[in-house]
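One file, work.pdb, carrying PDB, N, CA and C atoms:
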ATOM      1  N   MET T   1     136.515  71.228 117.005
ATOM      2  CA  MET T   1     136.953  72.310 117.857
ATOM      3  C   MET T   1     137.398  73.471 116.986
ATOM      4  N   THR T   2     136.953  74.654 117.308
ATOM      5  CA  THR T   2     137.304  75.821 116.505
ATOM      6  C   THR T   2     138.684  76.330 116.881
ATOM      7  N   SER T   3     139.309  77.019 115.941
ATOM      8  CA  SER T   3     140.639  77.556 116.209
ATOM      9  C   SER T   3     140.597  78.651 117.269
ATOM     10  N   THR T   4     139.427  79.277 117.483
ATOM     11  CA  THR T   4     139.332  80.312 118.507
ATOM     12  C   THR T   4     139.421  79.725 119.907
ATOM     13  N   SER T   5     139.125  78.421 120.058
ATOM     14  CA  SER T   5     139.237  77.805 121.379
ATOM     15  C   SER T   5     140.668  77.351 121.650
ATOM     16  N   LYS T   6     141.510  77.345 120.639
ATOM     17  CA  LYS T   6     142.909  76.978 120.804
ATOM     18  C   LYS T   6     143.705  78.228 121.136
ATOM     19  N   ARG T   7     144.684  78.057 122.003
ATOM     20  CA  ARG T   7     145.558  79.172 122.356
ATOM     21  C   ARG T   7     146.984  78.829 121.979
ATOM     22  N   LEU T   8     147.784  79.837 121.797
ATOM     23  CA  LEU T   8     149.173  79.652 121.402
ATOM     24  C   LEU T   8     150.107  80.041 122.540
ATOM     25  N   PHE T   9     151.132  79.214 122.734
ATOM     26  CA  PHE T   9     152.117  79.444 123.782
ATOM     27  C   PHE T   9     153.506  79.235 123.217
ATOM     28  N   ILE T  10     154.483  79.924 123.786
ATOM     29  CA  ILE T  10     155.882  79.763 123.424
ATOM     30  C   ILE T  10     156.565  78.990 124.540
ATOM     31  N   CYS T  11     157.291  77.939 124.170
ATOM     32  CA  CYS T  11     158.014  77.131 125.146
ATOM     33  C   CYS T  11     159.291  77.864 125.572
ATOM     34  N   LEU T  12     159.451  78.052 126.863
ATOM     35  CA  LEU T  12     160.659  78.685 127.395
ATOM     36  C   LEU T  12     161.611  77.680 128.021
ATOM     37  N   ASP T  13     161.086  76.531 128.444
ATOM     38  CA  ASP T  13     161.892  75.543 129.164
ATOM     39  C   ASP T  13     161.498  74.145 128.708
ATOM     40  N   ASN T  14     162.431  73.446 128.076
ATOM     41  CA  ASN T  14     162.153  72.082 127.634
ATOM     42  C   ASN T  14     163.021  71.053 128.361
ATOM     43  N   ALA T  15     163.632  71.446 129.478
ATOM     44  CA  ALA T  15     164.517  70.554 130.231
ATOM     45  C   ALA T  15     163.794  69.253 130.575
ATOM     46  N   GLY T  16     164.411  68.143 130.187
ATOM     47  CA  GLY T  16     163.833  66.836 130.441
ATOM     48  C   GLY T  16     162.802  66.408 129.413
ATOM     49  N   CYS T  17     162.445  67.311 128.511
ATOM     50  CA  CYS T  17     161.436  67.024 127.469
ATOM     51  C   CYS T  17     161.967  67.406 126.093
ATOM     52  N   GLU T  18     163.258  67.297 125.906
ATOM     53  CA  GLU T  18     163.885  67.773 124.672
ATOM     54  C   GLU T  18     163.326  67.106 123.414
ATOM     55  N   ALA T  19     162.894  65.851 123.512
ATOM     56  CA  ALA T  19     162.341  65.155 122.347
ATOM     57  C   ALA T  19     160.910  65.594 122.048
ATOM     58  N   SER T  20     160.236  66.168 123.048
ATOM     59  CA  SER T  20     158.822  66.533 122.906
ATOM     60  C   SER T  20     158.586  68.018 122.678
ATOM     61  N   LEU T  21     159.493  68.847 123.184
ATOM     62  CA  LEU T  21     159.326  70.296 123.107
ATOM     63  C   LEU T  21     160.614  70.950 122.621
ATOM     64  N   GLU T  22     160.462  72.019 121.845
ATOM     65  CA  GLU T  22     161.607  72.826 121.414
ATOM     66  C   GLU T  22     161.499  74.197 122.066
ATOM     67  N   ARG T  23     162.598  74.656 122.634
ATOM     68  CA  ARG T  23     162.612  75.996 123.224
ATOM     69  C   ARG T  23     162.326  77.041 122.153
ATOM     70  N   LEU T  24     161.550  78.040 122.530
ATOM     71  CA  LEU T  24     161.201  79.199 121.714
ATOM     72  C   LEU T  24     160.297  78.869 120.529
ATOM     73  N   LYS T  25     159.740  77.680 120.498
ATOM     74  CA  LYS T  25     158.787  77.301 119.454
ATOM     75  C   LYS T  25     157.371  77.587 119.941
ATOM     76  N   ILE T  26     156.496  77.941 119.010
ATOM     77  CA  ILE T  26     155.091  78.206 119.326
ATOM     78  C   ILE T  26     154.325  76.884 119.290
ATOM     79  N   TYR T  27     153.539  76.645 120.340
ATOM     80  CA  TYR T  27     152.723  75.436 120.448
ATOM     81  C   TYR T  27     151.256  75.795 120.638
ATOM     82  N   VAL T  28     150.398  74.905 120.172
ATOM     83  CA  VAL T  28     148.951  75.036 120.371
ATOM     84  C   VAL T  28     148.593  74.368 121.686
ATOM     85  N   ALA T  29     147.784  75.052 122.482
ATOM     86  CA  ALA T  29     147.250  74.469 123.717
ATOM     87  C   ALA T  29     145.755  74.261 123.537
ATOM     88  N   LEU T  30     145.298  73.071 123.886
ATOM     89  CA  LEU T  30     143.876  72.759 123.826
ATOM     90  C   LEU T  30     143.221  73.106 125.155
ATOM     91  N   PRO T  31     141.958  73.491 125.136
ATOM     92  CA  PRO T  31     141.282  73.843 126.384
ATOM     93  C   PRO T  31     141.205  72.640 127.332
ATOM     94  N   ASP T  32     141.545  72.871 128.579
ATOM     95  CA  ASP T  32     141.443  71.840 129.613
ATOM     96  C   ASP T  32     141.436  72.549 130.961
ATOM     97  N   SER T  33     140.263  72.901 131.431
ATOM     98  CA  SER T  33     140.152  73.692 132.662
ATOM     99  C   SER T  33     140.636  72.914 133.883
ATOM    100  N   THR T  34     140.471  71.600 133.890
ATOM    101  CA  THR T  34     140.955  70.792 135.019
ATOM    102  C   THR T  34     142.473  70.861 135.103
ATOM    103  N   ALA T  35     143.135  70.682 133.972
ATOM    104  CA  ALA T  35     144.602  70.752 133.941
ATOM    105  C   ALA T  35     145.080  72.141 134.345
ATOM    106  N   GLU T  36     144.429  73.167 133.822
ATOM    107  CA  GLU T  36     144.851  74.540 134.124
ATOM    108  C   GLU T  36     144.687  74.861 135.601
ATOM    109  N   SER T  37     143.663  74.293 136.233
ATOM    110  CA  SER T  37     143.473  74.533 137.668
ATOM    111  C   SER T  37     144.599  73.900 138.488
ATOM    112  N   LYS T  38     145.321  72.963 137.866
ATOM    113  CA  LYS T  38     146.450  72.301 138.526
ATOM    114  C   LYS T  38     147.792  72.815 138.015
ATOM    115  N   GLY T  39     147.777  73.944 137.281
ATOM    116  CA  GLY T  39     149.009  74.559 136.802
ATOM    117  C   GLY T  39     149.620  73.874 135.598
ATOM    118  N   GLN T  40     148.778  73.217 134.786
ATOM    119  CA  GLN T  40     149.269  72.529 133.603
ATOM    120  C   GLN T  40     148.551  73.021 132.359
ATOM    121  N   LEU T  41     149.193  72.788 131.213
ATOM    122  CA  LEU T  41     148.594  73.099 129.915
ATOM    123  C   LEU T  41     148.562  71.827 129.076
ATOM    124  N   ARG T  42     147.521  71.660 128.279
ATOM    125  CA  ARG T  42     147.417  70.530 127.350
ATOM    126  C   ARG T  42     147.984  71.012 126.015
ATOM    127  N   ILE T  43     149.247  70.656 125.779
ATOM    128  CA  ILE T  43     150.010  71.135 124.623
ATOM    129  C   ILE T  43     150.099  70.049 123.560
ATOM    130  N   VAL T  44     149.900  70.441 122.299
ATOM    131  CA  VAL T  44     150.154  69.537 121.182
ATOM    132  C   VAL T  44     151.651  69.642 120.906
ATOM    133  N   ASP T  45     152.375  68.582 121.255
ATOM    134  CA  ASP T  45     153.836  68.646 121.190
ATOM    135  C   ASP T  45     154.382  68.101 119.869
ATOM    136  N   GLU T  46     155.681  67.825 119.837
ATOM    137  CA  GLU T  46     156.351  67.391 118.609
ATOM    138  C   GLU T  46     155.823  66.063 118.068
ATOM    139  N   SER T  47     155.201  65.264 118.916
ATOM    140  CA  SER T  47     154.647  63.981 118.467
ATOM    141  C   SER T  47     153.340  64.175 117.696
ATOM    142  N   GLY T  48     152.760  65.376 117.805
ATOM    143  CA  GLY T  48     151.475  65.641 117.180
ATOM    144  C   GLY T  48     150.303  65.287 118.087
ATOM    145  N   GLU T  49     150.610  64.740 119.244
ATOM    146  CA  GLU T  49     149.587  64.392 120.240
ATOM    147  C   GLU T  49     149.587  65.457 121.332
ATOM    148  N   ASP T  50     148.497  65.491 122.102
ATOM    149  CA  ASP T  50     148.440  66.461 123.197
ATOM    150  C   ASP T  50     148.779  65.780 124.520
ATOM    151  N   TYR T  51     149.613  66.468 125.296
ATOM    152  CA  TYR T  51     150.043  65.986 126.603
ATOM    153  C   TYR T  51     150.039  67.153 127.573
ATOM    154  N   LEU T  52     150.011  66.828 128.858
ATOM    155  CA  LEU T  52     150.040  67.857 129.888
ATOM    156  C   LEU T  52     151.487  68.223 130.218
ATOM    157  N   TYR T  53     151.723  69.518 130.304
ATOM    158  CA  TYR T  53     153.031  70.051 130.688
ATOM    159  C   TYR T  53     152.809  71.146 131.716
ATOM    160  N   PRO T  54     153.796  71.366 132.603
ATOM    161  CA  PRO T  54     153.682  72.460 133.554
ATOM    162  C   PRO T  54     153.546  73.802 132.825
ATOM    163  N   ALA T  55     152.584  74.588 133.226
ATOM    164  CA  ALA T  55     152.315  75.873 132.578
ATOM    165  C   ALA T  55     153.490  76.836 132.691
ATOM    166  N   ASP T  56     154.299  76.686 133.743
ATOM    167  CA  ASP T  56     155.411  77.629 133.914
ATOM    168  C   ASP T  56     156.549  77.411 132.907
ATOM    169  N   ARG T  57     156.428  76.410 132.049
ATOM    170  CA  ARG T  57     157.397  76.215 130.965
ATOM    171  C   ARG T  57     157.077  77.084 129.747
ATOM    172  N   PHE T  58     155.924  77.755 129.775
ATOM    173  CA  PHE T  58     155.418  78.472 128.607
ATOM    174  C   PHE T  58     155.000  79.896 128.954
ATOM    175  N   VAL T  59     154.968  80.737 127.918
ATOM    176  CA  VAL T  59     154.345  82.059 128.017
ATOM    177  C   VAL T  59     153.351  82.169 126.861
ATOM    178  N   VAL T  60     152.337  82.971 127.061
ATOM    179  CA  VAL T  60     151.331  83.188 126.022
ATOM    180  C   VAL T  60     151.992  83.844 124.816
ATOM    181  N   ALA T  61     151.690  83.333 123.645
ATOM    182  CA  ALA T  61     152.183  83.925 122.396
ATOM    183  C   ALA T  61     151.160  84.958 121.951
ATOM    184  N   ASP T  62     151.405  86.198 122.282
ATOM    185  CA  ASP T  62     150.492  87.301 121.946
ATOM    186  C   ASP T  62     150.844  87.780 120.544
ATOM    187  N   LEU T  63     150.150  87.246 119.553
ATOM    188  CA  LEU T  63     150.467  87.511 118.148
ATOM    189  C   LEU T  63     149.365  88.320 117.480
ATOM    190  N   PRO T  64     149.705  89.080 116.446
ATOM    191  CA  PRO T  64     148.667  89.740 115.653
ATOM    192  C   PRO T  64     147.713  88.683 115.069
ATOM    193  N   GLN T  65     146.467  89.049 114.860
ATOM    194  CA  GLN T  65     145.442  88.109 114.417
ATOM    195  C   GLN T  65     145.828  87.380 113.124
ATOM    196  N   ALA T  66     146.375  88.081 112.165
ATOM    197  CA  ALA T  66     146.757  87.448 110.898
ATOM    198  C   ALA T  66     147.845  86.397 111.124
ATOM    199  N   THR T  67     148.803  86.690 111.996
ATOM    200  CA  THR T  67     149.868  85.740 112.302
ATOM    201  C   THR T  67     149.304  84.544 113.047
ATOM    202  N   ARG T  68     148.413  84.807 113.988
ATOM    203  CA  ARG T  68     147.756  83.726 114.743
ATOM    204  C   ARG T  68     147.042  82.766 113.794
ATOM    205  N   ARG T  69     146.275  83.319 112.853
ATOM    206  CA  ARG T  69     145.561  82.475 111.882
ATOM    207  C   ARG T  69     146.539  81.637 111.069
ATOM    208  N   ALA T  70     147.622  82.248 110.634
ATOM    209  CA  ALA T  70     148.616  81.522 109.827
ATOM    210  C   ALA T  70     149.243  80.385 110.619
ATOM    211  N   VAL T  71     149.575  80.623 111.877
ATOM    212  CA  VAL T  71     150.162  79.570 112.720
ATOM    213  C   VAL T  71     149.166  78.441 112.921
ATOM    214  N   LEU T  72     147.914  78.767 113.208
ATOM    215  CA  LEU T  72     146.905  77.726 113.433
ATOM    216  C   LEU T  72     146.604  76.930 112.166
ATOM    217  N   GLU T  73     146.720  77.555 111.007
ATOM    218  CA  GLU T  73     146.518  76.825 109.749
ATOM    219  C   GLU T  73     147.612  75.774 109.545
ATOM    220  N   LEU T  74     148.819  76.063 110.020
ATOM    221  CA  LEU T  74     149.941  75.141 109.875
ATOM    222  C   LEU T  74     149.965  74.073 110.960
ATOM    223  N   ALA T  75     149.291  74.337 112.057
ATOM    224  CA  ALA T  75     149.317  73.401 113.202
ATOM    225  C   ALA T  75     148.496  72.167 112.937
TER     226      ALA T  75
END
Structure rendered as structure tokens:
Amino acid sequence: MTSTSKRLFICLDNAGCEASLERLKIYVALPDSTAESKGQLRIVDESGEDYLYPADRFVVADLPQATRRAVLELA
């Protein structure tokens, strides 16, 4: 999977998921149109695995291209 198919989101609400998500941290979301049609995002969380989370817990991380590349290299 190419890094261009991955999107970045910032977690705004980790209530009930404190071990899996950190507030204000940038997360990678993997493409999943079925999940998105149901209001969810497939997020690679603190475990390093991808899980579904409600999309309203996140906002899109609109970053400059160089910053985006750097974040994806570390992810």
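Running DSSP on the backbone gives helix (DSSP H, G or I) for these residues within chain T: Ser3, Thr4, Ser5, Ser33, Thr34, Ala35, Glu36, Ser37, Ala55, Asp56, Arg57, Gln65, Ala66, Thr67, Arg68, Arg69, Ala70, Val71, Leu72, Glu73 and Leu74 of chain T.
If you apply the PyMOL selection byres (((chain T and resi 32 and name CA) around 12) and name CA) to this structure, you end up with Ser5, Lys6, Arg7, Ala29, Leu30, Pro31, Ser33, Thr34, Ala35, Glu36, Ser37, Lys38, Gly39, Gln40, Leu41, Arg42, Ile43, Asp50, Tyr51, Leu52, Tyr53 and Ala55 of chain T.
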Prev. selection, N, CA and C atoms, output as a compact mmCIF listing (two decimals), in the frame of the given file:
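Okay, out35.txt is ready:
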# COMPACT_ATOMS: atom_id res chain seq x y z
N SER T 5 139.12 78.42 120.06
CA SER T 5 139.24 77.81 121.38
C SER T 5 140.67 77.35 121.65
N LYS T 6 141.51 77.34 120.64
CA LYS T 6 142.91 76.98 120.80
C LYS T 6 143.71 78.23 121.14
N ARG T 7 144.68 78.06 122.00
CA ARG T 7 145.56 79.17 122.36
C ARG T 7 146.98 78.83 121.98
N ALA T 29 147.78 75.05 122.48
CA ALA T 29 147.25 74.47 123.72
C ALA T 29 145.76 74.26 123.54
N LEU T 30 145.30 73.07 123.89
CA LEU T 30 143.88 72.76 123.83
C LEU T 30 143.22 73.11 125.16
N PRO T 31 141.96 73.49 125.14
CA PRO T 31 141.28 73.84 126.38
C PRO T 31 141.21 72.64 127.33
N SER T 33 140.26 72.90 131.43
CA SER T 33 140.15 73.69 132.66
C SER T 33 140.64 72.91 133.88
N THR T 34 140.47 71.60 133.89
CA THR T 34 140.96 70.79 135.02
C THR T 34 142.47 70.86 135.10
N ALA T 35 143.14 70.68 133.97
CA ALA T 35 144.60 70.75 133.94
C ALA T 35 145.08 72.14 134.34
N GLU T 36 144.43 73.17 133.82
CA GLU T 36 144.85 74.54 134.12
C GLU T 36 144.69 74.86 135.60
N SER T 37 143.66 74.29 136.23
CA SER T 37 143.47 74.53 137.67
C SER T 37 144.60 73.90 138.49
N LYS T 38 145.32 72.96 137.87
CA LYS T 38 146.45 72.30 138.53
C LYS T 38 147.79 72.82 138.01
N GLY T 39 147.78 73.94 137.28
CA GLY T 39 149.01 74.56 136.80
C GLY T 39 149.62 73.87 135.60
N GLN T 40 148.78 73.22 134.79
CA GLN T 40 149.27 72.53 133.60
C GLN T 40 148.55 73.02 132.36
N LEU T 41 149.19 72.79 131.21
CA LEU T 41 148.59 73.10 129.92
C LEU T 41 148.56 71.83 129.08
N ARG T 42 147.52 71.66 128.28
CA ARG T 42 147.42 70.53 127.35
C ARG T 42 147.98 71.01 126.02
N ILE T 43 149.25 70.66 125.78
CA ILE T 43 150.01 71.14 124.62
C ILE T 43 150.10 70.05 123.56
N ASP T 50 148.50 65.49 122.10
CA ASP T 50 148.44 66.46 123.20
C ASP T 50 148.78 65.78 124.52
N TYR T 51 149.61 66.47 125.30
CA TYR T 51 150.04 65.99 126.60
C TYR T 51 150.04 67.15 127.57
N LEU T 52 150.01 66.83 128.86
CA LEU T 52 150.04 67.86 129.89
C LEU T 52 151.49 68.22 130.22
N TYR T 53 151.72 69.52 130.30
CA TYR T 53 153.03 70.05 130.69
C TYR T 53 152.81 71.15 131.72
N ALA T 55 152.58 74.59 133.23
CA ALA T 55 152.32 75.87 132.58
C ALA T 55 153.49 76.84 132.69
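Going from CA of Pro64 (chain T) to CA of Glu18 (chain T) covers 28.2 Å.
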Could you give me the centre and size, in Å to one decimal, of an axis-aligned box around all listed atoms of region 21-32 of chain T with 6 Å added on every side, as lines of an AutoDock Vina configuration file?
center_x = 151.9
center_y = 74.0
center_z = 125.0
size_x = 33.4
size_y = 22.4
size_z = 24.0
Test item, strand (DSSP E) assignment across region 1-69 of chain T, answer as a PyMOL selection string:
chain T and resi 7-11+26-30+40-44+50-54+58-60
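Distance check against Ala75 (chain T) using only C-alpha atoms: of T:Glu22, T:Asp56, T:Val28, T:Leu63, the minimum falls on T:Val28.
On the file presented, the PyMOL selection byres (((chain T and resi 25 and name CA) around 10) and name CA) picks out Phe9, Ile10, Cys11, Leu12, Leu21, Glu22, Arg23, Leu24, Ile26, Tyr27, Phe58 and Ala61 of chain T.
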Dump of N, CA and C atoms for the selected residues, as a PDB file, keeping the file's coordinate frame:
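Saved to part37.pdb:
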ATOM      1  N   PHE T   9     151.132  79.214 122.734  1.00  0.00           N
ATOM      2  CA  PHE T   9     152.117  79.444 123.782  1.00  0.00           C
ATOM      3  C   PHE T   9     153.506  79.235 123.217  1.00  0.00           C
ATOM      4  N   ILE T  10     154.483  79.924 123.786  1.00  0.00           N
ATOM      5  CA  ILE T  10     155.882  79.763 123.424  1.00  0.00           C
ATOM      6  C   ILE T  10     156.565  78.990 124.540  1.00  0.00           C
ATOM      7  N   CYS T  11     157.291  77.939 124.170  1.00  0.00           N
ATOM      8  CA  CYS T  11     158.014  77.131 125.146  1.00  0.00           C
ATOM      9  C   CYS T  11     159.291  77.864 125.572  1.00  0.00           C
ATOM     10  N   LEU T  12     159.451  78.052 126.863  1.00  0.00           N
ATOM     11  CA  LEU T  12     160.659  78.685 127.395  1.00  0.00           C
ATOM     12  C   LEU T  12     161.611  77.680 128.021  1.00  0.00           C
ATOM     13  N   LEU T  21     159.493  68.847 123.184  1.00  0.00           N
ATOM     14  CA  LEU T  21     159.326  70.296 123.107  1.00  0.00           C
ATOM     15  C   LEU T  21     160.614  70.950 122.621  1.00  0.00           C
ATOM     16  N   GLU T  22     160.462  72.019 121.845  1.00  0.00           N
ATOM     17  CA  GLU T  22     161.607  72.826 121.414  1.00  0.00           C
ATOM     18  C   GLU T  22     161.499  74.197 122.066  1.00  0.00           C
ATOM     19  N   ARG T  23     162.598  74.656 122.634  1.00  0.00           N
ATOM     20  CA  ARG T  23     162.612  75.996 123.224  1.00  0.00           C
ATOM     21  C   ARG T  23     162.326  77.041 122.153  1.00  0.00           C
ATOM     22  N   LEU T  24     161.550  78.040 122.530  1.00  0.00           N
ATOM     23  CA  LEU T  24     161.201  79.199 121.714  1.00  0.00           C
ATOM     24  C   LEU T  24     160.297  78.869 120.529  1.00  0.00           C
ATOM     25  N   ILE T  26     156.496  77.941 119.010  1.00  0.00           N
ATOM     26  CA  ILE T  26     155.091  78.206 119.326  1.00  0.00           C
ATOM     27  C   ILE T  26     154.325  76.884 119.290  1.00  0.00           C
ATOM     28  N   TYR T  27     153.539  76.645 120.340  1.00  0.00           N
ATOM     29  CA  TYR T  27     152.723  75.436 120.448  1.00  0.00           C
ATOM     30  C   TYR T  27     151.256  75.795 120.638  1.00  0.00           C
ATOM     31  N   PHE T  58     155.924  77.755 129.775  1.00  0.00           N
ATOM     32  CA  PHE T  58     155.418  78.472 128.607  1.00  0.00           C
ATOM     33  C   PHE T  58     155.000  79.896 128.954  1.00  0.00           C
ATOM     34  N   ALA T  61     151.690  83.333 123.645  1.00  0.00           N
ATOM     35  CA  ALA T  61     152.183  83.925 122.396  1.00  0.00           C
ATOM     36  C   ALA T  61     151.160  84.958 121.951  1.00  0.00           C
TER      37      ALA T  61
END
Counting only C-alpha atoms, closest pick from T:Val59, T:Val71, T:Val44, T:Ala66 relative to Asp13 (chain T) is T:Val59
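When CA of Asp62 (chain T) is paired with CA of Leu8 (chain T), their separation reads 7.8 Å.
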